[in-house]
Every structure is written in structure tokens, then in C-alpha cells.
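What follows is entry_35.pdb (PDB, C-alpha atoms).
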MODEL        1
ATOM      1  CA  MET R 209    -134.196  89.832 105.740
ATOM      2  CA  ILE R 210    -133.497  90.196 102.018
ATOM      3  CA  ILE R 211    -129.887  90.342 100.855
ATOM      4  CA  ALA R 212    -128.300  90.827  97.426
ATOM      5  CA  LEU R 213    -125.020  89.645  95.929
ATOM      6  CA  ALA R 214    -123.725  91.691  92.993
ATOM      7  CA  SER R 215    -121.624  89.914  90.364
ATOM      8  CA  PRO R 216    -120.262  92.443  87.833
ATOM      9  CA  CYS R 217    -117.677  91.998  85.123
ATOM     10  CA  VAL R 218    -114.255  93.534  85.764
ATOM     11  CA  ALA R 219    -114.554  97.334  85.583
ATOM     12  CA  THR R 220    -112.657  99.023  82.736
ATOM     13  CA  SER R 221    -112.726 102.447  84.410
ATOM     14  CA  LEU R 222    -113.524 103.901  87.799
ATOM     15  CA  ASP R 223    -116.601 105.677  86.447
ATOM     16  CA  GLU R 224    -117.877 102.488  84.805
ATOM     17  CA  GLY R 225    -117.455 100.627  88.072
ATOM     18  CA  LEU R 226    -119.310 103.308  90.015
ATOM     19  CA  ASP R 227    -122.101 103.307  87.416
ATOM     20  CA  LYS R 228    -122.484  99.545  87.863
ATOM     21  CA  ILE R 229    -122.607  99.934  91.629
ATOM     22  CA  ASP R 230    -125.359 102.531  91.139
ATOM     23  CA  ARG R 231    -127.319 100.167  88.869
ATOM     24  CA  PHE R 232    -126.980  97.166  91.158
ATOM     25  CA  LEU R 233    -127.991  99.166  94.234
ATOM     26  CA  SER R 234    -131.029 100.491  92.375
ATOM     27  CA  GLU R 235    -132.066  96.953  91.361
ATOM     28  CA  ALA R 236    -131.494  95.653  94.879
ATOM     29  CA  ALA R 237    -133.539  98.449  96.444
ATOM     30  CA  ALA R 238    -136.412  97.757  94.029
ATOM     31  CA  GLN R 239    -136.464  94.161  95.259
ATOM     32  CA  GLY R 240    -136.398  95.096  98.933
ATOM     33  CA  ALA R 241    -132.802  94.164  99.736
ATOM     34  CA  ALA R 242    -131.363  95.527 102.969
ATOM     35  CA  VAL R 243    -127.720  94.976 102.026
ATOM     36  CA  VAL R 244    -125.698  94.392  98.839
ATOM     37  CA  CYS R 245    -122.235  92.822  98.701
ATOM     38  CA  PHE R 246    -119.727  93.305  95.847
ATOM     39  CA  PRO R 247    -116.723  91.085  94.946
ATOM     40  CA  GLU R 248    -113.180  91.257  96.276
ATOM     41  CA  ALA R 249    -111.321  94.482  95.391
ATOM     42  CA  TYR R 250    -113.966  95.357  92.780
ATOM     43  CA  LEU R 251    -112.581  98.884  92.564
ATOM     44  CA  PRO R 252    -109.796  99.087  91.449
ATOM     45  CA  GLY R 253    -109.623  95.323  90.693
ATOM     46  CA  LEU R 254    -107.506  92.579  92.230
ATOM     47  CA  ARG R 255    -103.788  92.806  91.542
ATOM     48  CA  GLY R 256    -101.741  89.881  90.294
ATOM     49  CA  VAL R 257    -104.527  87.893  88.591
ATOM     50  CA  GLY R 258    -104.076  89.032  85.009
ATOM     51  CA  ILE R 259    -106.537  91.919  84.870
ATOM     52  CA  ASP R 260    -105.856  95.595  84.174
ATOM     53  CA  VAL R 261    -106.058  97.182  87.618
ATOM     54  CA  LEU R 262    -107.262 100.777  87.568
ATOM     55  CA  PRO R 263    -105.069 103.631  88.862
ATOM     56  CA  PHE R 264    -105.849 103.886  92.555
ATOM     57  CA  GLY R 265    -104.121 106.416  94.780
ATOM     58  CA  PRO R 266    -105.439 108.481  97.697
ATOM     59  CA  ALA R 267    -107.578 110.700  95.447
ATOM     60  CA  GLU R 268    -109.270 107.749  93.731
ATOM     61  CA  HIS R 269    -109.748 105.970  97.061
ATOM     62  CA  ALA R 270    -111.424 109.040  98.553
ATOM     63  CA  LYS R 271    -113.645 109.445  95.480
ATOM     64  CA  VAL R 272    -114.832 105.834  95.592
ATOM     65  CA  LEU R 273    -115.715 105.971  99.286
ATOM     66  CA  LYS R 274    -117.512 109.294  98.866
ATOM     67  CA  VAL R 275    -119.537 108.235  95.811
ATOM     68  CA  VAL R 276    -120.456 104.802  97.166
ATOM     69  CA  GLY R 277    -121.586 106.404 100.415
ATOM     70  CA  GLN R 278    -123.797 108.768  98.436
ATOM     71  CA  LEU R 279    -125.220 105.883  96.384
ATOM     72  CA  ALA R 280    -125.956 103.810  99.489
ATOM     73  CA  ARG R 281    -127.831 106.770 100.942
ATOM     74  CA  THR R 282    -129.688 107.514  97.686
ATOM     75  CA  HIS R 283    -130.930 103.950  97.342
ATOM     76  CA  ALA R 284    -131.241 103.373 101.117
ATOM     77  CA  VAL R 285    -129.342 100.090 100.883
ATOM     78  CA  ALA R 286    -126.413  99.047 103.063
ATOM     79  CA  THR R 287    -123.373  98.246 100.913
ATOM     80  CA  ILE R 288    -120.303  96.047 101.293
ATOM     81  CA  LEU R 289    -117.692  97.291  98.848
ATOM     82  CA  GLY R 290    -114.592  95.299  97.937
ATOM     83  CA  THR R 291    -111.747  97.772  97.486
ATOM     84  CA  GLU R 292    -108.301  98.618  98.871
ATOM     85  CA  ARG R 293    -107.124 100.343 102.022
ATOM     86  CA  LEU R 294    -104.009 102.460 101.618
ATOM     87  CA  THR R 295    -101.592 102.403 104.551
ATOM     88  CA  GLU R 296     -98.004 103.452 105.199
ATOM     89  CA  ALA R 297     -97.019  99.773 105.203
ATOM     90  CA  GLY R 298     -98.650  99.157 101.815
ATOM     91  CA  ARG R 299    -101.960  98.306 100.174
ATOM     92  CA  GLN R 300    -104.471  96.113 101.958
ATOM     93  CA  ILE R 301    -107.383  94.215 100.429
ATOM     94  CA  ALA R 302    -110.461  95.459 102.256
ATOM     95  CA  ALA R 303    -114.245  95.459 102.356
ATOM     96  CA  TYR R 304    -115.842  98.725 103.500
ATOM     97  CA  VAL R 305    -119.313  98.537 105.040
ATOM     98  CA  PHE R 306    -121.742 101.434 104.505
ATOM     99  CA  ASP R 307    -125.100 101.622 106.254
ATOM    100  CA  ALA R 308    -128.277 102.626 104.422
ATOM    101  CA  GLU R 309    -127.608 106.277 105.238
ATOM    102  CA  GLY R 310    -124.234 106.136 103.530
ATOM    103  CA  ARG R 311    -122.123 106.198 106.674
ATOM    104  CA  ILE R 312    -119.080 103.939 106.918
ATOM    105  CA  GLN R 313    -119.562 101.440 109.745
ATOM    106  CA  GLY R 314    -116.017 100.195 109.361
ATOM    107  CA  TYR R 315    -113.968  97.893 107.204
ATOM    108  CA  GLN R 316    -112.651  94.345 107.228
ATOM    109  CA  THR R 317    -109.153  93.825 105.876
ATOM    110  CA  LYS R 318    -107.871  90.567 104.485
ATOM    111  CA  THR R 319    -105.768  89.163 107.312
ATOM    112  CA  GLN R 320    -104.772  85.928 105.561
ATOM    113  CA  LEU R 321    -103.172  86.576 102.176
ATOM    114  CA  ASP R 322    -102.548  83.971  99.512
ATOM    115  CA  PRO R 323     -98.763  83.601  98.959
ATOM    116  CA  SER R 324     -99.174  85.027  95.449
ATOM    117  CA  GLU R 325    -100.556  88.259  96.950
ATOM    118  CA  ASP R 326     -97.522  89.054  99.089
ATOM    119  CA  GLN R 327     -95.873  91.076  96.323
ATOM    120  CA  ASN R 328     -98.850  93.448  95.993
ATOM    121  CA  TYR R 329    -100.478  93.630  99.412
ATOM    122  CA  VAL R 330     -99.841  93.608 103.145
ATOM    123  CA  PRO R 331    -102.201  91.777 105.534
ATOM    124  CA  GLY R 332    -104.500  93.411 108.032
ATOM    125  CA  ASN R 333    -104.394  92.335 111.674
ATOM    126  CA  THR R 334    -107.880  92.930 113.099
ATOM    127  CA  ARG R 335    -111.392  91.561 112.620
ATOM    128  CA  GLN R 336    -114.721  93.334 113.009
ATOM    129  CA  LEU R 337    -118.365  92.382 113.412
ATOM    130  CA  PHE R 338    -121.004  94.538 111.685
ATOM    131  CA  GLU R 339    -124.736  95.015 112.153
ATOM    132  CA  ILE R 340    -127.487  96.076 109.734
ATOM    133  CA  LYS R 341    -131.125  96.277 110.875
ATOM    134  CA  GLY R 342    -130.368  94.019 113.814
ATOM    135  CA  MET R 343    -128.555  91.411 111.694
ATOM    136  CA  LYS R 344    -124.998  90.785 112.818
ATOM    137  CA  PHE R 345    -122.559  89.695 110.119
ATOM    138  CA  GLY R 346    -118.902  89.229 109.389
ATOM    139  CA  VAL R 347    -116.744  89.435 106.267
ATOM    140  CA  ALA R 348    -114.115  86.904 105.181
ATOM    141  CA  ILE R 349    -112.266  87.770 101.982
ATOM    142  CA  CYS R 350    -111.548  85.121  99.319
ATOM    143  CA  HIS R 351    -108.507  83.041 100.473
ATOM    144  CA  GLU R 352    -109.649  83.453 104.099
ATOM    145  CA  GLY R 353    -112.937  81.656 103.503
ATOM    146  CA  TRP R 354    -111.334  78.859 101.506
ATOM    147  CA  ARG R 355    -108.325  77.921 103.622
ATOM    148  CA  TYR R 356    -108.736  79.695 106.970
ATOM    149  CA  PRO R 357    -112.151  78.678 108.346
ATOM    150  CA  GLU R 358    -111.332  80.351 111.645
ATOM    151  CA  THR R 359    -111.990  83.723 109.956
ATOM    152  CA  VAL R 360    -115.618  82.677 109.493
ATOM    153  CA  ARG R 361    -115.938  81.053 112.913
ATOM    154  CA  TRP R 362    -114.578  84.242 114.530
ATOM    155  CA  ALA R 363    -117.739  86.029 113.421
ATOM    156  CA  ALA R 364    -120.064  83.091 114.026
ATOM    157  CA  VAL R 365    -119.107  82.627 117.683
ATOM    158  CA  ARG R 366    -119.786  86.338 118.201
ATOM    159  CA  GLY R 367    -123.339  86.104 116.949
ATOM    160  CA  ALA R 368    -123.047  86.610 113.183
ATOM    161  CA  LYS R 369    -126.040  85.238 111.287
ATOM    162  CA  ILE R 370    -124.240  85.414 107.959
ATOM    163  CA  VAL R 371    -120.697  85.874 106.695
ATOM    164  CA  PHE R 372    -120.225  87.660 103.388
ATOM    165  CA  HIS R 373    -117.366  86.372 101.273
ATOM    166  CA  PRO R 374    -116.129  88.723  98.519
ATOM    167  CA  GLN R 375    -113.857  86.715  96.217
ATOM    168  CA  HIS R 376    -112.054  86.571  92.878
ATOM    169  CA  THR R 377    -111.605  83.066  91.504
ATOM    170  CA  GLY R 378    -111.204  82.487  87.794
ATOM    171  CA  SER R 379    -110.102  84.316  84.668
ATOM    172  CA  ASP R 380    -111.400  86.025  81.559
ATOM    173  CA  HIS R 381    -108.556  84.516  79.511
ATOM    174  CA  GLU R 382    -108.292  80.787  80.152
ATOM    175  CA  GLY R 383    -109.581  77.990  82.321
ATOM    176  CA  VAL R 384    -112.371  75.447  82.671
ATOM    177  CA  ARG R 385    -115.985  76.358  81.973
ATOM    178  CA  LEU R 386    -118.092  74.992  84.817
ATOM    179  CA  THR R 387    -121.615  73.832  84.024
ATOM    180  CA  GLN R 388    -122.992  72.346  87.245
ATOM    181  CA  TRP R 389    -122.776  73.791  90.742
ATOM    182  CA  GLY R 390    -120.817  71.581  93.154
ATOM    183  CA  ALA R 391    -120.290  68.822  90.573
ATOM    184  CA  VAL R 392    -118.230  65.813  91.638
ATOM    185  CA  ASP R 393    -115.833  66.307  88.718
ATOM    186  CA  ASN R 394    -115.478  70.054  89.299
ATOM    187  CA  PRO R 395    -111.671  70.594  89.355
ATOM    188  CA  TYR R 396    -112.002  73.295  92.031
ATOM    189  CA  TYR R 397    -113.009  72.769  95.645
ATOM    190  CA  TYR R 398    -114.345  76.269  96.276
ATOM    191  CA  GLU R 399    -118.073  75.537  96.164
ATOM    192  CA  LYS R 400    -117.627  72.585  98.500
ATOM    193  CA  ALA R 401    -115.737  74.868 100.905
ATOM    194  CA  MET R 402    -118.690  77.265 100.870
ATOM    195  CA  MET R 403    -120.919  74.439 102.074
ATOM    196  CA  CYS R 404    -118.503  73.637 104.887
ATOM    197  CA  ARG R 405    -118.313  77.235 106.111
ATOM    198  CA  ALA R 406    -122.093  77.376 106.511
ATOM    199  CA  LEU R 407    -122.598  73.864 107.875
ATOM    200  CA  GLU R 408    -119.753  73.873 110.400
ATOM    201  CA  ASN R 409    -121.083  77.104 111.954
ATOM    202  CA  THR R 410    -124.864  76.801 111.351
ATOM    203  CA  ILE R 411    -125.007  80.211 109.665
ATOM    204  CA  TYR R 412    -125.531  81.579 106.156
ATOM    205  CA  PHE R 413    -122.498  81.978 103.908
ATOM    206  CA  ALA R 414    -122.755  84.406 100.986
ATOM    207  CA  SER R 415    -119.923  84.150  98.451
ATOM    208  CA  VAL R 416    -119.642  86.860  95.781
ATOM    209  CA  ASN R 417    -117.493  86.408  92.666
ATOM    210  CA  TYR R 418    -116.901  88.487  89.553
ATOM    211  CA  ALA R 419    -118.707  87.529  86.332
ATOM    212  CA  LEU R 420    -115.695  85.946  84.609
ATOM    213  CA  ARG R 421    -115.588  83.899  81.409
ATOM    214  CA  PHE R 422    -113.902  81.052  83.278
ATOM    215  CA  GLN R 423    -115.297  81.269  86.793
ATOM    216  CA  GLU R 424    -113.965  78.793  89.318
ATOM    217  CA  ALA R 425    -116.907  79.309  91.672
ATOM    218  CA  ALA R 426    -120.380  80.779  91.318
ATOM    219  CA  THR R 427    -121.769  83.672  93.278
ATOM    220  CA  SER R 428    -123.749  81.633  95.812
ATOM    221  CA  LEU R 429    -125.841  81.726  98.960
ATOM    222  CA  ILE R 430    -125.443  78.713 101.263
ATOM    223  CA  ALA R 431    -128.048  78.034 103.939
ATOM    224  CA  PRO R 432    -127.130  77.031 107.523
ATOM    225  CA  PRO R 433    -127.598  73.264 106.920
ATOM    226  CA  GLY R 434    -124.986  73.477 104.152
ATOM    227  CA  GLN R 435    -127.215  73.374 101.064
ATOM    228  CA  CYS R 436    -126.836  75.822  98.204
ATOM    229  CA  GLN R 437    -129.966  77.979  98.391
ATOM    230  CA  ALA R 438    -129.299  79.859  95.141
ATOM    231  CA  TYR R 439    -126.529  80.863  92.752
ATOM    232  CA  LEU R 440    -125.938  82.936  89.626
ATOM    233  CA  PRO R 441    -125.116  81.363  86.247
ATOM    234  CA  TYR R 442    -121.400  81.127  85.534
ATOM    235  CA  GLY R 443    -119.971  83.959  83.477
ATOM    236  CA  HIS R 444    -123.074  86.157  83.509
ATOM    237  CA  GLU R 445    -123.242  89.562  85.139
ATOM    238  CA  GLY R 446    -126.138  89.671  87.551
ATOM    239  CA  LEU R 447    -127.653  90.298  90.960
ATOM    240  CA  LEU R 448    -128.633  87.445  93.269
ATOM    241  CA  VAL R 449    -131.457  88.583  95.562
ATOM    242  CA  GLN R 450    -132.535  86.168  98.284
ATOM    243  CA  GLU R 451    -134.557  86.142 101.479
ATOM    244  CA  ILE R 452    -132.842  84.604 104.473
ATOM    245  CA  ASP R 453    -134.476  83.300 107.651
ATOM    246  CA  LEU R 454    -132.376  84.618 110.512
ATOM    247  CA  GLU R 455    -133.981  82.194 112.963
ATOM    248  CA  LYS R 456    -132.400  79.303 111.059
ATOM    249  CA  ALA R 457    -128.936  80.810 111.537
ATOM    250  CA  THR R 458    -128.639  79.562 115.107
ATOM    251  CA  GLY R 459    -124.857  79.386 115.259
ATOM    252  CA  LEU R 460    -125.318  76.049 117.035
ATOM    253  CA  LEU R 461    -122.118  74.359 115.909
ATOM    254  CA  ALA R 462    -120.051  77.514 116.218
ATOM    255  CA  GLY R 463    -121.372  77.922 119.747
ATOM    256  CA  ARG R 464    -120.049  74.483 120.688
ATOM    257  CA  TYR R 465    -116.497  75.531 119.834
ATOM    258  CA  ALA R 466    -114.443  75.026 123.000
ATOM    259  CA  PRO R 467    -110.951  76.535 122.542
ATOM    260  CA  GLY R 468    -110.055  75.786 126.150
ATOM    261  CA  ARG R 469    -109.928  72.086 125.286
ATOM    262  CA  TYR R 470    -107.083  72.686 122.855
ATOM    263  CA  GLU R 471    -104.562  73.768 125.454
ATOM    264  CA  GLU R 472    -101.287  71.924 125.253
ATOM    265  CA  ASP R 473    -100.870  69.138 127.797
ATOM    266  CA  ARG R 474     -97.589  69.811 129.561
TER     267      ARG R 474
ENDMDL
END

Have the structure of the file written as C-alpha cells, please.
Amino acid sequence: MIIALASPCVATSLDEGLDKIDRFLSEAAAQGAAVVCFPEAYLPGLRGVGIDVLPFGPAEHAKVLKVVGQLARTHAVATILGTERLTEAGRQIAAYVFDAEGRIQGYQTKTQLDPSEDQNYVPGNTRQLFEIKGMKFGVAICHEGWRYPETVRWAAVRGAKIVFHPQHTGSDHEGVRLTQWGAVDNPYYYEKAMMCRALENTIYFASVNYALRFQEAATSLIAPPGQCQAYLPYGHEGLLVQEIDLEKATGLLAGRYAPGRYEEDR
């Protein structure tokens, strides 16, 4: 199976963002990718992190889902789009999954918000497993994959071979410029957490960040033993296309999870 991770800069307009999705899907299709994942809340952008979020009401939401569905069908590539879900309770951070015919398989909402996100979003309360060409996968969004490993294990114990991890860590305005993946003196723990999520479940973990001037983690693919298989250069817009061996994603350690042994002794 060939997968692709798209790392764009922050979109300055809805049309620009859709054009970039079109370009990345075209590049991914040319390289044989079956599925492409985009970063957290790519359209309209993540609120509360110092970027100009695009206007995004029901009309814009409907347009994005319609156009991305058409693009997925045109390029015959399944697509995981980081966006928002609009509900009566408020906005949710979500990842919509389109199959290669442009149909929406479903969506995964962010169920574990960072405290700083409470003022802009409400959490979801369900999780979903997806399947593309026989490959089962889950989605854990940013904060979930860093601090709530159970969101990744939820998918792994149900047969997921890979968990996609749309994220936004870093800034275009200030921060530390990283130079070496997983370096000991890296001030952020995010890349080390990626390794843990793959290793502790024996699955692939695919983390997808924006191309930011001061990225705090690279767009990366981690193999089941916990090694970084490949990553994109910090701060550069690009597409990471990689072949994964589904037989190596055994889910061995996730399968040994025994929740019944954690019952309280009364």
C-alpha cells in the first residue's frame, strides 16, 4: 500500500486551499498513492494559534466537502481532510474521510481537546474505524496523539494497520528552528511521542503537520517497530509518499491489551 502525507502552508483563501488539495492529490495519484492525509483543520485553519482563520459557515463547509469529494473522485485517491464540523453545540475539529470515488465514509472528531481550544471548539464523543482497499485505519487528531494514547490504541485493538495523525504544532511567527529529527536536545517531545504510538501498538503512525516556519514536529511516517521511516524537511511545503508493508503492522502489542486486569480491587 502506498500512502501520502500532504504538508501545505497555511491557506490564505478557501480557493487557494482547494487548489493546493487538487495539486497534492494529483501528485499523489501520479505516484500510486491510495490515500492522502492533510493536516489538522487545514480548511479553514486552526483557531487560537495565531493564524488568520478563513470565514467558515455552513455554505463554506458544504462547498469544501463537495469540492474535495469531486477532487478525490477525479484523481481516484482516498482523502483525509482536516476541517471543522458545525453542530448546534459549537464547532468541532474533524477529519472527513473520502473514498476514491469521492464518497464520504465518515468523519473522526477530536474527542480530547487541548485546554487552549475550549474557547473555540467543543469535543466530539465518538470514534470510528475506516477502511480503504482492505486497509483498516483510524484517525487521532493532534493533542489526542500526543497526550491521549488510548485514542490510537482504540483503533489498533480493532484491527487498524495505521493511524493517521493530522496536527498543527508550531508557528510562522516565532519559535525554535529544528534541524534534526528526534534530536536529544529538541525542546519538544512530539516526535518521540510519534515513535511511542507506533511501537506500543505495533502499527504505522502517520503524523501530518503544516509547513510552518517554526515547526515543532515534522510530517513523519513511523514504522511499527518505532523507527522513523521518512519525514519531510522542516518548513518546506511538500508531499511525503511512502510504501507501507501491512504485514508488518501486526498490532501485536495492542492485541495484548487486557482492560479486564485494570478493574478496581474492592

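Using only C-alpha atoms for every distance, the candidate list R:His373, R:Arg299, R:Lys456, R:Arg464 yields R:Arg299 as the residue closest to Leu254 in chain R.
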
Extract, using all atoms listed in the file, all DNA, RNA and protein residues at most 7 Å from Leu447 in chain R, discarding same-chain residues fewer than 6 positions from it, and format them as a PDB file with C-alpha atoms, in the frame of the given file.
ATOM      1  CA  ALA R 212    -128.300  90.827  97.426  1.00  0.00           C
ATOM      2  CA  LEU R 213    -125.020  89.645  95.929  1.00  0.00           C
ATOM      3  CA  ALA R 214    -123.725  91.691  92.993  1.00  0.00           C
ATOM      4  CA  SER R 215    -121.624  89.914  90.364  1.00  0.00           C
ATOM      5  CA  PHE R 232    -126.980  97.166  91.158  1.00  0.00           C
TER       6      PHE R 232
END

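Rounded to one decimal, CA of Phe306 in chain R and CA of Gly258 in chain R lie 29.1 Å from each other.
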
Give as a list in words the residues that the PyMOL selection byres ((chain R and resi 303) around 6) matches when applied to the coordinates above.
->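 For this structure, the PyMOL selection byres ((chain R and resi 303) around 6) captures Leu289, Gly290, Thr291, Ala302, Tyr304, Tyr315 and Gln316 of chain R.
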
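When only C-alpha atoms are used to compute distances to Ala238 in chain R, the closest of the residues R:Ala419, R:Ala284, R:Leu461, R:Cys217 turns out to be R:Ala284.
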
Can you report as JSON the centre and edge lengths in Å, to one decimal, of an axis-aligned box around the listed atoms of range 453-463 of chain R padded with 5 Å on each side?
{"center_x": -127.3, "center_y": 79.5, "center_z": 113.7, "size_x": 24.4, "size_y": 20.3, "size_z": 22.1}

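Residue membership of the PyMOL selection byres ((chain R and resi 351) around 9) in the shown file amounts to Lys318, Gln320, Leu321, Asp322, Ala348, Ile349, Cys350, Glu352, Gly353, Trp354, Arg355, Tyr356 and Gln375 of chain R.
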
Tell me which protein, DNA and RNA residues are within 10 Å of range 426-441 of chain R, counting all atoms listed in the file, leaving out same-chain ones fewer than 4 positions away, and put them as a short mmCIF file (atom, residue, chain, number, x, y, z; two decimals) with C-alpha atoms, in the coordinates of the input.
data_model
loop_
_atom_site.label_atom_id
_atom_site.label_comp_id
_atom_site.auth_asym_id
_atom_site.auth_seq_id
_atom_site.Cartn_x
_atom_site.Cartn_y
_atom_site.Cartn_z
CA ILE R 211 -129.89 90.34 100.86
CA ALA R 212 -128.30 90.83 97.43
CA LEU R 213 -125.02 89.64 95.93
CA ALA R 214 -123.72 91.69 92.99
CA SER R 215 -121.62 89.91 90.36
CA PRO R 247 -116.72 91.08 94.95
CA LYS R 369 -126.04 85.24 111.29
CA ILE R 370 -124.24 85.41 107.96
CA PHE R 372 -120.22 87.66 103.39
CA HIS R 373 -117.37 86.37 101.27
CA PRO R 374 -116.13 88.72 98.52
CA GLN R 375 -113.86 86.72 96.22
CA THR R 377 -111.60 83.07 91.50
CA GLY R 378 -111.20 82.49 87.79
CA LEU R 386 -118.09 74.99 84.82
CA THR R 387 -121.62 73.83 84.02
CA GLN R 388 -122.99 72.35 87.24
CA TRP R 389 -122.78 73.79 90.74
CA GLY R 390 -120.82 71.58 93.15
CA TYR R 398 -114.34 76.27 96.28
CA GLU R 399 -118.07 75.54 96.16
CA LYS R 400 -117.63 72.58 98.50
CA ALA R 401 -115.74 74.87 100.90
CA MET R 402 -118.69 77.26 100.87
CA MET R 403 -120.92 74.44 102.07
CA CYS R 404 -118.50 73.64 104.89
CA ARG R 405 -118.31 77.24 106.11
CA ALA R 406 -122.09 77.38 106.51
CA LEU R 407 -122.60 73.86 107.88
CA GLU R 408 -119.75 73.87 110.40
CA ASN R 409 -121.08 77.10 111.95
CA THR R 410 -124.86 76.80 111.35
CA ILE R 411 -125.01 80.21 109.66
CA TYR R 412 -125.53 81.58 106.16
CA PHE R 413 -122.50 81.98 103.91
CA ALA R 414 -122.76 84.41 100.99
CA SER R 415 -119.92 84.15 98.45
CA VAL R 416 -119.64 86.86 95.78
CA ASN R 417 -117.49 86.41 92.67
CA TYR R 418 -116.90 88.49 89.55
CA ALA R 419 -118.71 87.53 86.33
CA LEU R 420 -115.70 85.95 84.61
CA GLU R 445 -123.24 89.56 85.14
CA GLY R 446 -126.14 89.67 87.55
CA LEU R 447 -127.65 90.30 90.96
CA LEU R 448 -128.63 87.44 93.27
CA VAL R 449 -131.46 88.58 95.56
CA GLN R 450 -132.54 86.17 98.28
CA GLU R 451 -134.56 86.14 101.48
CA ILE R 452 -132.84 84.60 104.47
CA ASP R 453 -134.48 83.30 107.65
CA LEU R 454 -132.38 84.62 110.51
CA LYS R 456 -132.40 79.30 111.06
CA ALA R 457 -128.94 80.81 111.54
CA THR R 458 -128.64 79.56 115.11
CA GLY R 459 -124.86 79.39 115.26
CA LEU R 460 -125.32 76.05 117.04
#

Measure the distance from CA of Gln336 in chain R to CA of Gly240 in chain R in Å and round it to one decimal.
-> 25.9 Å

Distance query range 262-278 of chain R at most 12 Å, all atoms listed in the file, self and fewer than 3 positions along chain excluded, as a PyMOL selection string = chain R and resi 218-233+244+246+249-255+259+281-296+298-299+302-315
